[in-house]
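Trainee: One structure, pasted below without further comment.
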Amino acid sequence: MGFIALTVFPSCQVMSKIGDSGNRDLFRDMNSTDTTTIANIPWHEYFTDPLLQSYIEEGLNNNFDMLIATERIKQAEANLGMARAAYLPDVALTGQVQHDRNSNGVNGKDVLGYHSTNYSLGVAVSWEADLWGKLSRQKRSKYADMLNSYEGRNLVRTSLLSNIANTYYSLLALDKQLRITTEMAKLMEENLEVTEALREAGKTNGAAVEQTRASLQSVRVSIPDLENNIRQLENSMCVMLGRKPGEIGRGSIDNQLIPAQLTYGIPAQMLAKRPDVQEAELSFRSAFELTHAAKANFYPSINLTSGTIGYANNSLNNFFRPENIFASIVGGLTQPIFARKQLITQYKVAGYEQQASLLTFEKTVLEAGQEVSDIMSTYESSLKKTRDRNVQVASLVKAVSYTQELLKAGEANYLEVLSAQQGLLEAELNEVSDKLEQLQATSNLYRALGGGIE
């Protein structure tokens, strides 16, 4: 197992290099040394369809997951600001009225008869010296969390790009499959008319007519399903774009170009760009810093628990006079001795979380390599089918034409015609599915390599 990540915080190396050899083997059977990768191509250059480009732009601006991710970033930035403020003293305006009563009589006389009242108003200050770096570690943890929120938005961004593209390609594929099915239904209608004419001429029987009609209806009933799938996909894409359900304008799948080769680069590039890998690394960073912050709790702390300056007097008359000014400061050194195992438990929990975060990072890297390998395998497998599928479709087109002519001449039966038509319909639908698979592989690989991050 091998991963690369060299991340340095001020005065602290959080992660170290874990074996270069595993890096080279992260993509199965793909040990490329070429550093060219499609992930470096801007999305508006990678996705060349103008309509698709407009939808991606709209989605990036209006998608609700993107808007939510932006708010998460604001939240993380606010938490970082709060962590930085921990270095500063707490300053508060304080006011107090102290009223005392006591007994000073003899034999129980004048019980609580003696009293005094004191008024004070001033500014109170408290502050903790960060001798052991506890506050610094906490700040670094929040900084990692903030960076993590950026990667969270990047993850939403790359996924959104891919999802919009894949949905758009699916709509193009469904459009063509609907067109193929409709055209086949028309062809089978003509075939039914021929079969009925042959029956009237006594050259075939009623069974042939009904079998042909049943095959026609079987094709027709698939058309509403295709139309429904198109409608639902349009609605789904509208939600991704942050708009109400409606129609989605689009081009043709025939105009979409499939690259002959996809350049994926070396694993190091993917690890540097993939948002989920970066998220996992940053989670480890945060856990690392929190572990050291928990360790710092064992050391003594110096606190200015109360520093006050203001006015104090036993009367409100002439309260703000120079002679009523007072100042006090209370500081202390605290060394934890017994805290009901809370500090030890906190330190252990933080250590376990750090180790779990490291394992999560390693798992994320492995899964990233698997994803790229699977996508490339699917893409290459689909390309291998293209030539044979083209030959299959061309042959079946000829077979349908030949059997129809032979049927009219009485030299072929209706079963041969139906078999050729059904075979052609299936092959043409599969041909569209193959191209959709290739288009979606290009989109998925772009996402898997961390493309689309700006």
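Identifiers for the structure tokens are assigned positionally: chains receive A, B, ... in sequence, residues are indexed from 1 per chain, and ligands are indexed from 1 in the order shown.
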Near stretch 348-355 of chain A, counting only C-alpha atoms, which residues have an atom at most 8 Å away, once you skip same-chain residues fewer than 3 positions from it, shown as number ranges by chain?
Mentor: A: 284, 287-288, 290-291, 294, 344-345, 358-359
Trainee: Just write the chosen residues, N, CA and C atoms, as a PDB file, in the first residue's frame.
Mentor:
ATOM      1  N   PHE A 284      -7.399  14.196   8.887  1.00  0.00           N
ATOM      2  CA  PHE A 284      -6.287  13.683   9.683  1.00  0.00           C
ATOM      3  C   PHE A 284      -5.479  14.827  10.296  1.00  0.00           C
ATOM      4  N   ALA A 287      -7.370  16.084  13.292  1.00  0.00           N
ATOM      5  CA  ALA A 287      -7.291  15.131  14.407  1.00  0.00           C
ATOM      6  C   ALA A 287      -5.898  15.139  15.026  1.00  0.00           C
ATOM      7  N   PHE A 288      -4.876  15.279  14.202  1.00  0.00           N
ATOM      8  CA  PHE A 288      -3.493  15.346  14.678  1.00  0.00           C
ATOM      9  C   PHE A 288      -3.308  16.533  15.618  1.00  0.00           C
ATOM     10  N   LEU A 290      -5.645  18.213  17.258  1.00  0.00           N
ATOM     11  CA  LEU A 290      -6.471  18.076  18.454  1.00  0.00           C
ATOM     12  C   LEU A 290      -5.851  17.096  19.442  1.00  0.00           C
ATOM     13  N   THR A 291      -5.142  16.083  18.939  1.00  0.00           N
ATOM     14  CA  THR A 291      -4.451  15.148  19.829  1.00  0.00           C
ATOM     15  C   THR A 291      -3.388  15.877  20.639  1.00  0.00           C
ATOM     16  N   ALA A 294      -4.973  18.084  23.226  1.00  0.00           N
ATOM     17  CA  ALA A 294      -5.410  17.307  24.387  1.00  0.00           C
ATOM     18  C   ALA A 294      -4.216  16.965  25.284  1.00  0.00           C
ATOM     19  N   ILE A 344      -6.970  12.156  30.689  1.00  0.00           N
ATOM     20  CA  ILE A 344      -6.403  10.947  30.077  1.00  0.00           C
ATOM     21  C   ILE A 344      -7.347  10.396  29.018  1.00  0.00           C
ATOM     22  N   THR A 345      -8.630  10.372  29.353  1.00  0.00           N
ATOM     23  CA  THR A 345      -9.616   9.841  28.401  1.00  0.00           C
ATOM     24  C   THR A 345      -9.704  10.718  27.159  1.00  0.00           C
ATOM     25  N   LEU A 358      -6.376   8.579   9.883  1.00  0.00           N
ATOM     26  CA  LEU A 358      -5.297   8.120   9.005  1.00  0.00           C
ATOM     27  C   LEU A 358      -5.744   6.912   8.185  1.00  0.00           C
ATOM     28  N   LEU A 359      -6.421   5.975   8.841  1.00  0.00           N
ATOM     29  CA  LEU A 359      -6.921   4.799   8.128  1.00  0.00           C
ATOM     30  C   LEU A 359      -7.957   5.199   7.075  1.00  0.00           C
TER      31      LEU A 359
END
Trainee: Can you list, as a list in words, every protein, DNA or RNA residue that comes within 9 Å of stretch 171-183 of chain A when you count only C-alpha atoms, leaving out same-chain residues fewer than 4 positions away?
Mentor: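 Contacts, with the query itself left out: Asn166, Thr167, Leu187, Met188, Val219, Arg220, Ser222, Ile223, Leu226, Glu227, Asn229, Ile230, Leu233, Glu234, Ile248, Arg250, Gly251, Ser252, Ile253, Asp254, Leu425, Glu428, Leu429, Val432, Ser433, Lys435 and Leu436 of chain A.
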Trainee: Keeping only C-alpha atoms, take the residues you just selected and write them out as a PDB file, in the first residue's frame.
Mentor:
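The new file selection.pdb reads:
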ATOM      1  CA  ASN A 166     -24.024  12.231 -17.448  1.00  0.00           C
ATOM      2  CA  THR A 167     -27.675  13.234 -17.256  1.00  0.00           C
ATOM      3  CA  LEU A 187     -41.272  -0.386 -40.344  1.00  0.00           C
ATOM      4  CA  MET A 188     -43.197  -3.131 -38.557  1.00  0.00           C
ATOM      5  CA  VAL A 219     -42.367  -2.414 -29.726  1.00  0.00           C
ATOM      6  CA  ARG A 220     -45.074   0.219 -29.319  1.00  0.00           C
ATOM      7  CA  SER A 222     -41.878   0.395 -24.979  1.00  0.00           C
ATOM      8  CA  ILE A 223     -42.320   3.922 -26.346  1.00  0.00           C
ATOM      9  CA  LEU A 226     -38.884   5.763 -22.959  1.00  0.00           C
ATOM     10  CA  GLU A 227     -40.920   8.986 -22.937  1.00  0.00           C
ATOM     11  CA  ASN A 229     -37.728   8.101 -18.597  1.00  0.00           C
ATOM     12  CA  ILE A 230     -36.939  11.208 -20.623  1.00  0.00           C
ATOM     13  CA  LEU A 233     -34.466  12.726 -16.345  1.00  0.00           C
ATOM     14  CA  GLU A 234     -35.385  16.251 -17.438  1.00  0.00           C
ATOM     15  CA  ILE A 248     -34.300  20.574 -21.239  1.00  0.00           C
ATOM     16  CA  ARG A 250     -30.354  19.480 -26.118  1.00  0.00           C
ATOM     17  CA  GLY A 251     -28.487  18.394 -29.222  1.00  0.00           C
ATOM     18  CA  SER A 252     -27.886  14.934 -30.668  1.00  0.00           C
ATOM     19  CA  ILE A 253     -25.768  12.095 -29.394  1.00  0.00           C
ATOM     20  CA  ASP A 254     -24.430  11.633 -32.920  1.00  0.00           C
ATOM     21  CA  LEU A 425     -33.834  -3.033 -32.950  1.00  0.00           C
ATOM     22  CA  GLU A 428     -29.285  -0.372 -32.572  1.00  0.00           C
ATOM     23  CA  LEU A 429     -30.422   0.237 -28.996  1.00  0.00           C
ATOM     24  CA  VAL A 432     -26.612   3.799 -28.448  1.00  0.00           C
ATOM     25  CA  SER A 433     -25.951   2.309 -25.003  1.00  0.00           C
ATOM     26  CA  LYS A 435     -21.805   5.288 -26.944  1.00  0.00           C
ATOM     27  CA  LEU A 436     -23.549   6.488 -23.794  1.00  0.00           C
TER      28      LEU A 436
END
Trainee: In Å, how far is it from atom CA of A:Glu190 to atom CA of A:Leu216?
Mentor: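 Separation of atom CA of A:Glu190 and atom CA of A:Leu216: 10.1 Å.
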Trainee: So how far away is atom CA of A:Pro259 from atom CA of A:Leu60, in Å?
Mentor: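 A separation of 25.2 Å between them.
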Trainee: Please identify the alpha helix (DSSP H) residues within stretch 197-261 of chain A (assignment by DSSP from backbone atoms) and present them as a ChimeraX atom specification.
Mentor: /A:197-200,206-220,222-240
Trainee: Just to be explicit: take each residue in the selection above, keep C-alpha atoms, and write the result as a PDB file, in the first residue's frame.
Mentor:
ATOM      1  CA  ALA A 197     -52.054  -8.544 -48.066  1.00  0.00           C
ATOM      2  CA  LEU A 198     -50.302 -11.904 -48.357  1.00  0.00           C
ATOM      3  CA  ARG A 199     -53.005 -13.523 -46.263  1.00  0.00           C
ATOM      4  CA  GLU A 200     -55.718 -12.106 -48.497  1.00  0.00           C
ATOM      5  CA  GLY A 206     -53.851 -15.679 -39.925  1.00  0.00           C
ATOM      6  CA  ALA A 207     -51.248 -16.854 -37.423  1.00  0.00           C
ATOM      7  CA  ALA A 208     -48.580 -14.925 -39.333  1.00  0.00           C
ATOM      8  CA  VAL A 209     -50.698 -11.772 -39.242  1.00  0.00           C
ATOM      9  CA  GLU A 210     -51.373 -11.982 -35.511  1.00  0.00           C
ATOM     10  CA  GLN A 211     -47.781 -12.807 -34.683  1.00  0.00           C
ATOM     11  CA  THR A 212     -46.629  -9.795 -36.693  1.00  0.00           C
ATOM     12  CA  ARG A 213     -49.227  -7.587 -34.987  1.00  0.00           C
ATOM     13  CA  ALA A 214     -48.137  -8.808 -31.534  1.00  0.00           C
ATOM     14  CA  SER A 215     -44.491  -7.993 -32.319  1.00  0.00           C
ATOM     15  CA  LEU A 216     -45.533  -4.519 -33.447  1.00  0.00           C
ATOM     16  CA  GLN A 217     -47.445  -3.884 -30.226  1.00  0.00           C
ATOM     17  CA  SER A 218     -44.504  -5.148 -28.183  1.00  0.00           C
ATOM     18  CA  VAL A 219     -42.367  -2.414 -29.726  1.00  0.00           C
ATOM     19  CA  ARG A 220     -45.074   0.219 -29.319  1.00  0.00           C
ATOM     20  CA  SER A 222     -41.878   0.395 -24.979  1.00  0.00           C
ATOM     21  CA  ILE A 223     -42.320   3.922 -26.346  1.00  0.00           C
ATOM     22  CA  PRO A 224     -44.275   5.325 -23.314  1.00  0.00           C
ATOM     23  CA  ASP A 225     -41.576   3.958 -20.997  1.00  0.00           C
ATOM     24  CA  LEU A 226     -38.884   5.763 -22.959  1.00  0.00           C
ATOM     25  CA  GLU A 227     -40.920   8.986 -22.937  1.00  0.00           C
ATOM     26  CA  ASN A 228     -41.442   8.673 -19.183  1.00  0.00           C
ATOM     27  CA  ASN A 229     -37.728   8.101 -18.597  1.00  0.00           C
ATOM     28  CA  ILE A 230     -36.939  11.208 -20.623  1.00  0.00           C
ATOM     29  CA  ARG A 231     -39.417  13.283 -18.644  1.00  0.00           C
ATOM     30  CA  GLN A 232     -38.058  12.101 -15.300  1.00  0.00           C
ATOM     31  CA  LEU A 233     -34.466  12.726 -16.345  1.00  0.00           C
ATOM     32  CA  GLU A 234     -35.385  16.251 -17.438  1.00  0.00           C
ATOM     33  CA  ASN A 235     -36.955  16.853 -14.032  1.00  0.00           C
ATOM     34  CA  SER A 236     -33.887  15.459 -12.302  1.00  0.00           C
ATOM     35  CA  MET A 237     -31.596  17.719 -14.291  1.00  0.00           C
ATOM     36  CA  CYS A 238     -33.753  20.751 -13.511  1.00  0.00           C
ATOM     37  CA  VAL A 239     -33.292  20.068  -9.802  1.00  0.00           C
ATOM     38  CA  MET A 240     -29.521  19.906 -10.314  1.00  0.00           C
TER      39      MET A 240
END
Trainee: Could you check the closest approach to A:Leu51 for each of A:Gln256, A:Asn63, A:Asn163, A:Gln98 and tell me which residue wins, using only C-alpha atoms?
Mentor: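 For A:Leu51, the nearest of the given residues is A:Gln256.
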Trainee: From stretch 177-304 of chain A, collect each residue whose DSSP state is strand (DSSP E or B) and return the set as a PyMOL selection string.
Mentor: chain A and resi 264+301-304
Trainee: Calculated over only C-alpha atoms, which of the candidates A:Ala272, A:Asn61, A:Val372, A:Ser286 has the smallest distance to A:Ser443?
Mentor: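 Among the listed residues, the smallest separation from A:Ser443 belongs to A:Val372.
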Trainee: Do you have the atom CA of A:Tyr169-atom CA of A:Gln421 distance handy?
Mentor: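 Computing the Euclidean distance for atom CA of A:Tyr169 and atom CA of A:Gln421 yields 26.5 Å.
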